[in-house]
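Here's coords.txt, which has compact mmCIF, C-alpha atoms (C1' of nucleotides):
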```txt
# COMPACT_ATOMS: atom_id res chain seq x y z
CA MET D 229 161.82 -47.67 45.94
CA LYS D 230 161.34 -44.98 48.60
CA PHE D 231 158.12 -44.50 50.42
CA SER D 232 156.82 -41.07 51.25
CA LYS D 233 156.97 -38.70 54.20
CA LYS D 234 153.21 -38.83 54.17
CA SER D 235 153.21 -42.47 55.19
CA GLU D 236 155.99 -41.91 57.66
CA TYR D 237 154.15 -39.03 59.31
CA GLY D 238 150.90 -40.95 59.23
CA LEU D 239 152.40 -43.90 61.03
CA ARG D 240 154.12 -41.71 63.59
CA ALA D 241 150.83 -39.88 64.21
CA LEU D 242 149.07 -43.18 64.75
CA LEU D 243 151.70 -44.06 67.31
CA GLU D 244 150.49 -41.13 69.39
CA LEU D 245 146.85 -41.93 68.81
CA CYS D 246 147.43 -45.50 69.94
CA GLU D 247 148.56 -44.29 73.31
CA THR D 248 145.32 -42.47 73.98
CA TYR D 249 143.13 -45.12 72.37
CA GLY D 250 139.89 -45.39 74.31
CA GLY D 251 140.76 -42.30 76.30
CA ARG D 252 140.89 -38.67 75.38
CA VAL D 253 141.18 -37.12 71.93
CA LEU D 254 144.36 -35.58 70.59
CA GLN D 255 144.52 -32.28 68.78
CA ARG D 256 146.54 -31.89 65.63
CA HIS D 257 149.01 -29.52 67.24
CA GLU D 258 149.70 -31.94 70.07
CA ILE D 259 150.55 -34.69 67.62
CA ALA D 260 152.48 -32.31 65.42
CA GLU D 261 154.61 -31.04 68.26
CA ARG D 262 155.38 -34.41 69.79
CA GLN D 263 156.23 -36.00 66.47
CA ASN D 264 157.82 -32.97 64.91
CA ILE D 265 155.52 -32.82 61.89
CA PRO D 266 154.37 -29.64 60.07
CA VAL D 267 150.88 -29.15 61.43
CA GLU D 268 149.05 -28.26 58.22
CA PHE D 269 150.54 -31.19 56.39
CA LEU D 270 149.64 -33.48 59.27
CA GLU D 271 146.08 -32.31 58.96
CA GLN D 272 145.71 -33.66 55.43
CA ILE D 273 147.06 -36.95 56.62
CA LEU D 274 144.65 -37.16 59.54
CA LEU D 275 141.79 -36.26 57.23
CA ALA D 276 142.70 -39.05 54.85
CA LEU D 277 142.87 -41.52 57.70
CA LYS D 278 139.52 -40.29 58.89
CA ARG D 279 137.91 -40.74 55.48
CA ALA D 280 139.29 -44.25 55.44
CA GLY D 281 137.49 -44.96 58.67
CA LEU D 282 140.42 -45.29 61.05
CA LEU D 283 139.89 -42.05 62.94
CA ALA D 284 137.03 -40.01 64.33
CA SER D 285 137.19 -36.30 64.95
CA ARG D 286 135.34 -33.64 66.82
CA ARG D 287 135.43 -29.93 66.14
CA GLY D 288 135.24 -27.07 68.53
CA ILE D 289 137.01 -26.20 71.68
CA ARG D 290 137.32 -29.71 73.09
CA GLY D 291 137.85 -31.20 69.67
CA GLY D 292 140.55 -33.45 68.29
CA TYR D 293 141.15 -36.84 66.74
CA SER D 294 140.90 -40.34 68.10
CA LEU D 295 141.36 -43.88 66.85
CA ILE D 296 138.08 -45.70 66.31
CA LYS D 297 139.46 -49.05 65.25
CA SER D 298 141.43 -51.26 67.59
CA PRO D 299 145.21 -51.17 67.05
CA GLU D 300 144.95 -54.94 66.70
CA GLU D 301 142.79 -54.55 63.61
CA ILE D 302 144.87 -51.98 61.80
CA THR D 303 147.92 -53.01 59.82
CA LEU D 304 150.77 -50.94 58.49
CA GLY D 305 149.84 -52.18 55.02
CA GLN D 306 146.39 -50.59 55.28
CA VAL D 307 147.79 -47.29 56.43
CA ILE D 308 150.45 -47.11 53.74
CA ARG D 309 147.94 -47.98 51.04
CA ILE D 310 145.65 -45.21 52.22
CA LEU D 311 148.39 -42.61 52.21
CA ASP D 312 150.74 -43.80 49.47
CA GLY D 313 148.70 -45.98 47.18
CA PRO D 314 149.45 -49.58 46.24
CA LEU D 315 152.44 -51.43 47.65
CA ALA D 316 153.44 -53.09 44.38
CA PRO D 317 156.73 -51.91 42.86
CA ILE D 318 155.18 -51.89 39.38
CA SER D 319 151.52 -51.65 38.68
CA CYS D 320 151.30 -54.77 36.52
CA VAL D 321 151.81 -56.86 39.68
CA SER D 322 149.53 -54.92 41.98
CA LYS D 323 146.66 -56.86 43.50
CA THR D 324 144.85 -53.77 44.71
CA ALA D 325 145.45 -51.60 41.61
CA TYR D 326 146.37 -53.84 38.68
CA GLN D 327 147.13 -52.16 35.40
CA LYS D 328 148.41 -53.82 32.25
CA CYS D 329 151.68 -52.33 31.12
CA SER D 330 151.35 -50.84 27.68
CA ASP D 331 154.89 -50.79 26.36
CA CYS D 332 156.18 -54.15 27.61
CA PRO D 333 156.67 -56.70 24.83
CA TYR D 334 155.75 -59.49 27.25
CA ALA D 335 152.41 -57.93 28.16
CA ALA D 336 150.53 -60.17 25.77
CA LYS D 337 152.52 -63.31 26.50
CA PRO D 338 151.65 -65.79 29.20
CA SER D 339 154.65 -64.96 31.35
CA CYS D 340 156.83 -61.89 31.84
CA PRO D 341 160.19 -62.09 33.62
CA LEU D 342 159.68 -58.74 35.26
CA GLN D 343 156.24 -59.64 36.45
CA GLN D 344 157.56 -62.84 37.93
CA ALA D 345 160.34 -61.13 39.88
CA MET D 346 158.36 -58.11 40.97
CA GLY D 347 155.45 -60.31 41.96
CA GLU D 348 157.72 -62.03 44.45
CA VAL D 349 158.82 -58.68 45.82
CA ARG D 350 155.28 -57.45 46.10
CA ASP D 351 154.23 -60.57 47.97
CA ALA D 352 157.12 -60.27 50.38
CA ILE D 353 156.35 -56.65 51.17
CA ALA D 354 152.63 -57.24 51.53
CA ASN D 355 153.25 -60.29 53.65
CA ILE D 356 155.13 -58.23 56.19
CA LEU D 357 153.08 -55.06 56.14
CA ASP D 358 149.66 -56.67 56.04
CA HIS D 359 150.48 -58.73 59.13
CA TYR D 360 152.19 -55.96 61.05
CA THR D 361 149.51 -54.58 63.37
CA LEU D 362 149.53 -51.12 64.81
CA SER D 363 149.59 -52.58 68.29
CA ARG D 364 152.77 -54.49 67.55
CA PHE D 365 154.13 -51.38 65.91
CA ALA D 366 153.40 -49.26 68.97
CA ARG D 367 154.82 -51.90 71.25
CA THR D 368 158.29 -51.28 69.83
CA GLN D 369 158.95 -48.81 72.56
CA PRO D 370 161.95 -46.54 72.57
CA ALA D 371 163.57 -47.98 75.72
CA GLU D 372 163.87 -44.69 77.58
CA GLY D 373 167.28 -45.34 79.10
CA SER D 374 169.19 -42.22 80.18
CA MET E 294 156.85 -47.60 46.74
CA LYS E 295 157.18 -47.60 42.97
CA PHE E 296 160.37 -48.27 41.19
CA SER E 297 161.37 -46.39 38.08
CA LYS E 298 161.11 -46.91 34.35
CA LYS E 299 164.86 -46.65 34.30
CA SER E 300 165.23 -49.89 36.23
CA GLU E 301 162.51 -51.55 34.25
CA TYR E 302 164.12 -50.61 30.94
CA GLY E 303 167.52 -51.58 32.26
CA LEU E 304 166.36 -55.03 33.23
CA ARG E 305 164.55 -55.54 29.96
CA ALA E 306 167.67 -54.46 28.05
CA LEU E 307 169.76 -56.95 30.02
CA LEU E 308 167.31 -59.64 29.01
CA GLU E 309 168.31 -59.05 25.41
CA LEU E 310 171.98 -58.86 26.22
CA CYS E 311 171.78 -62.15 28.08
CA GLU E 312 170.66 -63.89 24.93
CA THR E 313 173.73 -62.85 23.01
CA TYR E 314 176.10 -63.28 25.97
CA GLY E 315 179.42 -64.61 24.69
CA GLY E 316 178.32 -64.03 21.12
CA ARG E 317 177.82 -60.89 19.09
CA VAL E 318 177.28 -57.37 20.32
CA LEU E 319 173.92 -55.62 20.28
CA GLN E 320 173.39 -52.08 19.12
CA ARG E 321 171.26 -49.70 21.07
CA HIS E 322 168.62 -49.46 18.37
CA GLU E 323 168.26 -53.22 18.23
CA ILE E 324 167.60 -53.38 21.93
CA ALA E 325 165.37 -50.35 21.80
CA GLU E 326 163.22 -51.75 19.02
CA ARG E 327 162.83 -55.21 20.46
CA GLN E 328 162.02 -53.96 23.92
CA ASN E 329 160.09 -50.90 22.86
CA ILE E 330 162.27 -48.40 24.71
CA PRO E 331 163.05 -44.80 23.59
CA VAL E 332 166.53 -45.14 22.14
CA GLU E 333 168.19 -42.05 23.60
CA PHE E 334 166.89 -42.82 27.05
CA LEU E 335 168.08 -46.39 26.73
CA GLU E 336 171.50 -45.09 25.93
CA GLN E 337 171.87 -43.37 29.29
CA ILE E 338 170.89 -46.59 30.96
CA LEU E 339 173.38 -48.68 29.01
CA LEU E 340 176.08 -46.14 29.80
CA ALA E 341 175.34 -46.37 33.51
CA LEU E 342 175.51 -50.14 33.36
CA LYS E 343 178.78 -49.87 31.49
CA ARG E 344 180.30 -47.54 34.10
CA ALA E 345 179.24 -50.01 36.74
CA GLY E 346 181.22 -52.69 34.96
CA LEU E 347 178.42 -54.92 33.70
CA LEU E 348 178.71 -54.03 30.04
CA ALA E 349 181.41 -53.38 27.47
CA SER E 350 180.91 -51.32 24.36
CA ARG E 351 182.59 -50.71 21.05
CA ARG E 352 182.16 -47.69 18.82
CA GLY E 353 182.14 -47.49 15.09
CA ILE E 354 180.42 -49.35 12.40
CA ARG E 355 180.44 -52.79 13.97
CA GLY E 356 179.98 -51.39 17.44
CA GLY E 357 177.45 -52.15 20.15
CA TYR E 358 177.10 -53.37 23.70
CA SER E 359 177.73 -56.71 25.31
CA LEU E 360 177.56 -58.26 28.76
CA ILE E 361 180.96 -58.82 30.28
CA LYS E 362 179.87 -60.46 33.52
CA SER E 363 178.20 -63.83 33.61
CA PRO E 364 174.42 -63.71 34.07
CA GLU E 365 175.01 -66.01 37.04
CA GLU E 366 177.01 -63.32 38.79
CA ILE E 367 174.64 -60.43 38.26
CA THR E 368 171.62 -59.98 40.49
CA LEU E 369 168.53 -57.85 40.03
CA GLY E 370 169.46 -56.10 43.27
CA GLN E 371 172.74 -54.88 41.80
CA VAL E 372 171.10 -53.59 38.66
CA ILE E 373 168.34 -51.76 40.50
CA ARG E 374 170.81 -50.17 42.88
CA ILE E 375 172.88 -48.92 39.95
CA LEU E 376 169.91 -47.38 38.20
CA ASP E 377 167.57 -46.43 41.02
CA GLY E 378 169.70 -46.07 44.12
CA PRO E 379 169.27 -47.92 47.43
CA LEU E 380 166.52 -50.49 47.92
CA ALA E 381 165.58 -49.40 51.43
CA PRO E 382 162.12 -47.82 51.79
CA ILE E 383 163.49 -45.15 54.11
CA SER E 384 167.11 -44.12 54.30
CA CYS E 385 167.53 -44.69 58.03
CA VAL E 386 167.34 -48.45 57.37
CA SER E 387 169.51 -48.55 54.27
CA LYS E 388 172.60 -50.70 54.50
CA THR E 389 174.17 -49.28 51.36
CA ALA E 390 173.24 -45.63 51.98
CA TYR E 391 172.42 -45.14 55.65
CA GLN E 392 171.39 -41.69 56.76
CA LYS E 393 170.14 -40.70 60.18
CA CYS E 394 166.68 -39.16 60.01
CA SER E 395 166.74 -35.61 61.30
CA ASP E 396 163.15 -34.95 62.30
CA CYS E 397 162.23 -38.25 63.90
CA PRO E 398 161.84 -38.04 67.68
CA TYR E 399 163.10 -41.61 68.00
CA ALA E 400 166.32 -40.91 66.13
CA ALA E 401 168.29 -40.48 69.35
CA LYS E 402 166.62 -43.36 71.19
CA PRO E 403 167.83 -46.93 71.06
CA SER E 404 164.86 -48.22 69.09
CA CYS E 405 162.46 -46.68 66.61
CA PRO E 406 159.21 -48.42 65.66
CA LEU E 407 159.47 -47.27 62.09
CA GLN E 408 163.03 -48.43 61.79
CA GLN E 409 162.07 -51.81 63.14
CA ALA E 410 159.23 -52.32 60.66
CA MET E 411 160.97 -50.83 57.66
CA GLY E 412 164.10 -52.79 58.43
CA GLU E 413 162.11 -55.97 58.05
CA VAL E 414 160.76 -54.77 54.72
CA ARG E 415 164.20 -53.79 53.50
CA ASP E 416 165.59 -57.19 54.41
CA ALA E 417 162.79 -58.99 52.65
CA ILE E 418 163.25 -56.99 49.46
CA ALA E 419 167.02 -57.32 49.47
CA ASN E 420 166.76 -60.99 50.24
CA ILE E 421 164.80 -61.59 47.07
CA LEU E 422 166.53 -59.19 44.73
CA ASP E 423 170.09 -59.91 45.83
CA HIS E 424 169.57 -63.62 45.22
CA TYR E 425 167.69 -63.27 41.97
CA THR E 426 170.31 -63.76 39.26
CA LEU E 427 170.02 -62.46 35.76
CA SER E 428 170.23 -65.98 34.43
CA ARG E 429 167.22 -67.03 36.47
CA PHE E 430 165.51 -63.85 35.38
CA ALA E 431 166.15 -64.55 31.72
CA ARG E 432 165.06 -68.15 32.13
CA THR E 433 161.49 -66.99 32.80
CA GLN E 434 160.71 -67.36 29.16
CA PRO E 435 157.53 -66.08 27.64
CA ALA E 436 156.19 -69.47 26.54
CA GLU E 437 155.65 -68.59 22.90
CA GLY E 438 152.43 -70.50 22.48
CA SER E 439 150.15 -69.30 19.65
C1' DA B 240 188.06 -39.74 4.20
C1' DA B 241 183.41 -41.24 5.15
C1' DA B 242 179.97 -43.54 7.52
C1' DA B 243 178.31 -45.64 11.44
C1' DT B 244 178.32 -46.13 16.01
C1' DC B 245 179.03 -44.95 20.94
C1' DT B 246 179.85 -40.71 24.40
C1' DT B 247 178.95 -36.65 26.82
C1' DG B 248 176.41 -33.07 28.50
C1' DA B 249 172.88 -29.97 28.40
C1' DG B 250 168.06 -29.04 28.31
C1' DC B 251 163.10 -29.50 29.11
C1' DA B 252 158.12 -30.49 29.87
C1' DA B 253 155.33 -32.88 32.97
C1' DC B 254 154.76 -34.67 37.20
C1' DT B 255 155.16 -35.54 42.14
C1' DC B 256 156.33 -34.32 46.85
C1' DA B 257 156.13 -31.74 50.85
C1' DC B 258 154.15 -28.13 52.41
C1' DT B 259 151.33 -23.51 52.88
C1' DA B 260 147.25 -20.48 52.88
C1' DG B 261 142.80 -19.16 53.45
C1' DA B 262 137.97 -19.46 53.60
C1' DC B 263 134.52 -22.08 55.87
C1' DA B 264 131.81 -25.21 59.11
C1' DA B 265 130.83 -26.96 63.55
C1' DC B 266 131.13 -27.23 68.40
C1' DT B 267 130.98 -25.50 73.14
C1' DA B 268 131.69 -22.47 77.10
C1' DT B 269 129.88 -18.57 78.70
C1' DA L 215 123.24 -15.97 71.19
C1' DT L 216 127.84 -15.41 70.23
C1' DA L 217 132.72 -15.46 70.43
C1' DG L 218 136.39 -18.29 70.20
C1' DT L 219 138.41 -22.58 69.21
C1' DT L 220 138.80 -26.34 66.72
C1' DG L 221 138.37 -29.40 62.51
C1' DT L 222 137.22 -29.40 57.00
C1' DC L 223 137.99 -28.40 52.39
C1' DT L 224 140.14 -26.66 48.23
C1' DA L 225 143.61 -24.64 45.94
C1' DG L 226 148.19 -23.18 45.27
C1' DT L 227 153.30 -23.31 45.16
C1' DG L 228 158.38 -24.05 45.07
C1' DA L 229 161.75 -27.54 44.70
C1' DG L 230 163.07 -31.66 43.02
C1' DT L 231 162.56 -35.88 40.14
C1' DT L 232 161.28 -38.56 36.06
C1' DG L 233 161.31 -39.62 31.48
C1' DC L 234 162.87 -38.16 27.54
C1' DT L 235 165.18 -35.21 23.58
C1' DC L 236 168.88 -32.91 21.15
C1' DA L 237 173.25 -31.64 19.50
C1' DA L 238 178.09 -31.85 19.25
C1' DG L 239 182.03 -34.80 19.70
C1' DA L 240 184.97 -39.16 19.90
C1' DT L 241 186.15 -43.65 18.02
C1' DT L 242 186.10 -47.39 14.99
C1' DT L 243 185.65 -49.82 10.53
C1' DT L 244 185.51 -49.72 5.46
```

Would you write the structure of this file as structure tokens?
Amino acid sequence: MKFSKKSEYGLRALLELCETYGGRVLQRHEIAERQNIPVEFLEQILLALKRAGLLASRRGIRGGYSLIKSPEEITLGQVIRILDGPLAPISCVSKTAYQKCSDCPYAAKPSCPLQQAMGEVRDAIANILDHYTLSRFARTQPAEGS
Amino acid sequence: MKFSKKSEYGLRALLELCETYGGRVLQRHEIAERQNIPVEFLEQILLALKRAGLLASRRGIRGGYSLIKSPEEITLGQVIRILDGPLAPISCVSKTAYQKCSDCPYAAKPSCPLQQAMGEVRDAIANILDHYTLSRFARTQPAEGS
DNA sequence: AAAATCTTGAGCAACTCACTAGACAACTAT
DNA sequence: ATAGTTGTCTAGTGAGTTGCTCAAGATTTT
């Protein structure tokens, strides 16, 4: 039930991009250094987020990445689905990527115990992550005491 | 955020063992056939559940496996933790297997946005799975209509 | 003793994860 | 224009995990 470094890095990168939202662009190495992420790996992540429409980028000497959607409109659920795929713990309960399980003897029957239980889990996870906005996420500030 | 075949097979096997709880033992090939699980793989799973104290086994010609804890006392959370490890989506929020994240810049600070969000997810998952008993699980019967 | 079952441990192909490398495209300062 | 700096794309790779198989051994019943 782990979720990947890719999502973790992606969310941490967005934390940085939130701070400069509406202002200047950030270059990959700035984000990578501040968040301690391997720069080439980070790049793939930023590219994926760009293709999904969350980020814009500019090349060249004053280039970099910037958020183009408001942090209020982006949820952690969206980001994780972009980077990690569906949230559902097994694909027969996924709402975004449903797939009938082939080997389960209950697949044909009207109700499957596993589907019932995992459906509840899926809903609980989605309920949190799809309502957790990036702005709330970024607001959890590391109280810089010391 | 997937969880493994191992857990899925384990839970499906326990479904069978619930039905004969208090009665006769079940042999691995019986469970394997009914639930459509590769028999040698199933074996490893049953062994793990035995070592964890959920099952007893007997060798020899009238041998097999049987539940030794009441289905009321076993939760899906327990089973999944035995077979798949901790429920937490990242290890810095695990209650059963906590591990400080090494590369996160917030690790030293009093609060980490990721920890906050993932902690909520962990709690939600655990809250469902640690209260979902095997007996409730097995009660979700495939209404055999047809 | 023989047959059936569980037990243990090793092995393995396929896949995924986390990351790296390198060629290429675009922008911009001069 | 062009050199230099940045993002873009595609492919590759080593380590680890998943899902499963195989073979030899231990234990029980008949």

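Between atom CA of Ser322 of chain D and atom CA of Arg350 of chain D lies a distance of 7.5 Å.
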
**Message:** Residues of chain D were defined as contacting chain E if any atom lay at most 9 Å from it, counting all atoms listed in the file; please report them as a ChimeraX atom specification.
**Reply:** /D:229-232,236,239-240,243,262-265,304,312-319,331-334,337-342,344-345,348-350,352-353,356-357,360,365-373

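With all atoms listed in the file as the basis for measurement, E:Gly356 is the residue among E:Gly316, E:Gly346, E:Gly303, E:Gly356 that approaches chain L most closely.
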
Would you write out, as a Markdown table, a table of all residues in chain B that have an atom no more than 12 Å from an atom of chain D, listing for each the closest atom pair and the distance in Å to one decimal, considering all atoms listed in the file and ordering rows by chain and rising residue number?
```
| residue | atom | partner | partner_atom | distance |
| --- | --- | --- | --- | --- |
| B:DT255 | C1' | D:Ser232 | CA | 10.8 |
| B:DC256 | C1' | D:Ser232 | CA | 8.1 |
| B:DA257 | C1' | D:Lys233 | CA | 7.8 |
| B:DC258 | C1' | D:Phe269 | CA | 6.2 |
| B:DT259 | C1' | D:Glu268 | CA | 7.5 |
| B:DA260 | C1' | D:Glu268 | CA | 9.6 |
| B:DA264 | C1' | D:Arg287 | CA | 9.2 |
| B:DA265 | C1' | D:Arg287 | CA | 6.1 |
| B:DC266 | C1' | D:Gly288 | CA | 4.1 |
| B:DT267 | C1' | D:Ile289 | CA | 6.2 |
| B:DA268 | C1' | D:Ile289 | CA | 8.5 |
```

**Request:** Record the distance separating atom CA of Pro364 of chain E and atom CA of Tyr314 of chain E, expressed in Å with one decimal.
**Result:** 8.3 Å

Chain E in the frame of chain D after Cα least-squares fit, as a compact mmCIF listing (two decimals) with C-alpha atoms, keeping the file's coordinate frame:
```txt
# COMPACT_ATOMS: atom_id res chain seq x y z
CA MET E 294 161.73 -47.68 45.97
CA LYS E 295 161.25 -44.98 48.58
CA PHE E 296 158.06 -44.45 50.41
CA SER E 297 156.77 -41.00 51.23
CA LYS E 298 156.92 -38.64 54.16
CA LYS E 299 153.16 -38.77 54.15
CA SER E 300 153.17 -42.42 55.18
CA GLU E 301 155.94 -41.87 57.65
CA TYR E 302 154.12 -38.98 59.31
CA GLY E 303 150.88 -40.91 59.23
CA LEU E 304 152.39 -43.86 61.01
CA ARG E 305 154.10 -41.68 63.57
CA ALA E 306 150.82 -39.85 64.22
CA LEU E 307 149.05 -43.17 64.74
CA LEU E 308 151.69 -44.05 67.29
CA GLU E 309 150.49 -41.13 69.38
CA LEU E 310 146.86 -41.93 68.83
CA CYS E 311 147.43 -45.51 69.92
CA GLU E 312 148.58 -44.31 73.31
CA THR E 313 145.35 -42.50 73.99
CA TYR E 314 143.15 -45.15 72.36
CA GLY E 315 139.92 -45.44 74.33
CA GLY E 316 140.81 -42.36 76.32
CA ARG E 317 140.94 -38.70 75.43
CA VAL E 318 141.21 -37.13 72.01
CA LEU E 319 144.39 -35.60 70.65
CA GLN E 320 144.54 -32.29 68.86
CA ARG E 321 146.53 -31.87 65.72
CA HIS E 322 149.02 -29.51 67.30
CA GLU E 323 149.72 -31.95 70.11
CA ILE E 324 150.54 -34.67 67.65
CA ALA E 325 152.48 -32.30 65.46
CA GLU E 326 154.63 -31.05 68.31
CA ARG E 327 155.39 -34.42 69.81
CA GLN E 328 156.23 -35.99 66.49
CA ASN E 329 157.82 -32.95 64.93
CA ILE E 330 155.50 -32.79 61.93
CA PRO E 331 154.35 -29.59 60.12
CA VAL E 332 150.86 -29.09 61.50
CA GLU E 333 148.99 -28.19 58.32
CA PHE E 334 150.49 -31.09 56.45
CA LEU E 335 149.62 -33.41 59.30
CA GLU E 336 146.07 -32.26 59.04
CA GLN E 337 145.68 -33.55 55.49
CA ILE E 338 147.02 -36.87 56.64
CA LEU E 339 144.65 -37.12 59.59
CA LEU E 340 141.77 -36.20 57.31
CA ALA E 341 142.68 -38.98 54.89
CA LEU E 342 142.84 -41.46 57.73
CA LYS E 343 139.49 -40.23 58.95
CA ARG E 344 137.87 -40.67 55.52
CA ALA E 345 139.26 -44.17 55.45
CA GLY E 346 137.46 -44.89 58.69
CA LEU E 347 140.40 -45.25 61.07
CA LEU E 348 139.88 -42.02 62.95
CA ALA E 349 137.03 -39.96 64.36
CA SER E 350 137.21 -36.26 64.99
CA ARG E 351 135.34 -33.60 66.89
CA ARG E 352 135.40 -29.88 66.22
CA GLY E 353 135.25 -27.04 68.65
CA ILE E 354 137.02 -26.21 71.78
CA ARG E 355 137.38 -29.70 73.19
CA GLY E 356 137.85 -31.21 69.77
CA GLY E 357 140.55 -33.46 68.36
CA TYR E 358 141.16 -36.83 66.78
CA SER E 359 140.90 -40.33 68.12
CA LEU E 360 141.36 -43.88 66.86
CA ILE E 361 138.09 -45.67 66.34
CA LYS E 362 139.45 -49.04 65.26
CA SER E 363 141.43 -51.25 67.57
CA PRO E 364 145.20 -51.15 67.02
CA GLU E 365 144.94 -54.93 66.67
CA GLU E 366 142.78 -54.54 63.59
CA ILE E 367 144.85 -51.97 61.77
CA THR E 368 147.91 -52.99 59.80
CA LEU E 369 150.77 -50.92 58.45
CA GLY E 370 149.82 -52.15 54.99
CA GLN E 371 146.38 -50.56 55.24
CA VAL E 372 147.77 -47.25 56.41
CA ILE E 373 150.42 -47.07 53.71
CA ARG E 374 147.92 -47.94 51.02
CA ILE E 375 145.62 -45.16 52.21
CA LEU E 376 148.36 -42.56 52.19
CA ASP E 377 150.72 -43.73 49.47
CA GLY E 378 148.70 -45.93 47.15
CA PRO E 379 149.43 -49.55 46.20
CA LEU E 380 152.42 -51.41 47.61
CA ALA E 381 153.40 -53.12 44.37
CA PRO E 382 156.71 -51.98 42.85
CA ILE E 383 155.20 -51.96 39.37
CA SER E 384 151.52 -51.72 38.63
CA CYS E 385 151.30 -54.85 36.49
CA VAL E 386 151.81 -56.93 39.66
CA SER E 387 149.53 -54.95 41.95
CA LYS E 388 146.66 -56.88 43.47
CA THR E 389 144.84 -53.78 44.66
CA ALA E 390 145.46 -51.65 41.55
CA TYR E 391 146.38 -53.89 38.64
CA GLN E 392 147.14 -52.24 35.34
CA LYS E 393 148.43 -53.92 32.22
CA CYS E 394 151.73 -52.43 31.09
CA SER E 395 151.40 -50.94 27.63
CA ASP E 396 154.95 -50.88 26.33
CA CYS E 397 156.23 -54.21 27.58
CA PRO E 398 156.76 -56.76 24.81
CA TYR E 399 155.84 -59.55 27.23
CA ALA E 400 152.50 -58.02 28.13
CA ALA E 401 150.63 -60.24 25.67
CA LYS E 402 152.63 -63.38 26.43
CA PRO E 403 151.75 -65.84 29.15
CA SER E 404 154.74 -65.02 31.33
CA CYS E 405 156.88 -61.95 31.83
CA PRO E 406 160.24 -62.15 33.62
CA LEU E 407 159.73 -58.81 35.26
CA GLN E 408 156.28 -59.71 36.44
CA GLN E 409 157.60 -62.91 37.92
CA ALA E 410 160.37 -61.20 39.89
CA MET E 411 158.38 -58.18 40.94
CA GLY E 412 155.47 -60.36 41.95
CA GLU E 413 157.73 -62.08 44.44
CA VAL E 414 158.82 -58.72 45.81
CA ARG E 415 155.26 -57.49 46.07
CA ASP E 416 154.23 -60.60 47.96
CA ALA E 417 157.10 -60.30 50.37
CA ILE E 418 156.33 -56.66 51.14
CA ALA E 419 152.61 -57.25 51.51
CA ASN E 420 153.24 -60.29 53.63
CA ILE E 421 155.11 -58.22 56.17
CA LEU E 422 153.07 -55.05 56.11
CA ASP E 423 149.64 -56.67 56.01
CA HIS E 424 150.47 -58.71 59.10
CA TYR E 425 152.18 -55.95 61.01
CA THR E 426 149.50 -54.56 63.33
CA LEU E 427 149.53 -51.12 64.79
CA SER E 428 149.59 -52.58 68.26
CA ARG E 429 152.76 -54.49 67.50
CA PHE E 430 154.13 -51.37 65.89
CA ALA E 431 153.40 -49.26 68.94
CA ARG E 432 154.83 -51.92 71.22
CA THR E 433 158.31 -51.28 69.78
CA GLN E 434 158.97 -48.83 72.53
CA PRO E 435 161.95 -46.56 72.53
CA ALA E 436 163.55 -47.95 75.69
CA GLU E 437 163.86 -44.67 77.54
CA GLY E 438 167.22 -45.37 79.09
CA SER E 439 169.26 -42.29 80.08
```

**Request:** Pick out the chain L residues within 6 Å of chain D. Count all atoms listed in the file. Give them as a ChimeraX atom specification.
**Result:** /L:219-221

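Our summary of the geometry notes that atom CA of Lys388 of chain E is positioned 22.8 Å from atom CA of Gly305 of chain D.
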
**Message:** Quick one: residues within 10 Å of DT247 of chain B, all atoms listed in the file, excluding same-chain residues fewer than 4 positions away - as a PyMOL selection string?
**Reply:** chain L and resi 238-240

Listed atoms of segment 296-311 of chain E, axis-aligned box, 4 Å per side: centre and edge lengths to one decimal in Å, as JSON?
```
{"center_x": 166.2, "center_y": -54.3, "center_z": 33.3, "size_x": 19.6, "size_y": 23.8, "size_z": 23.8}
```
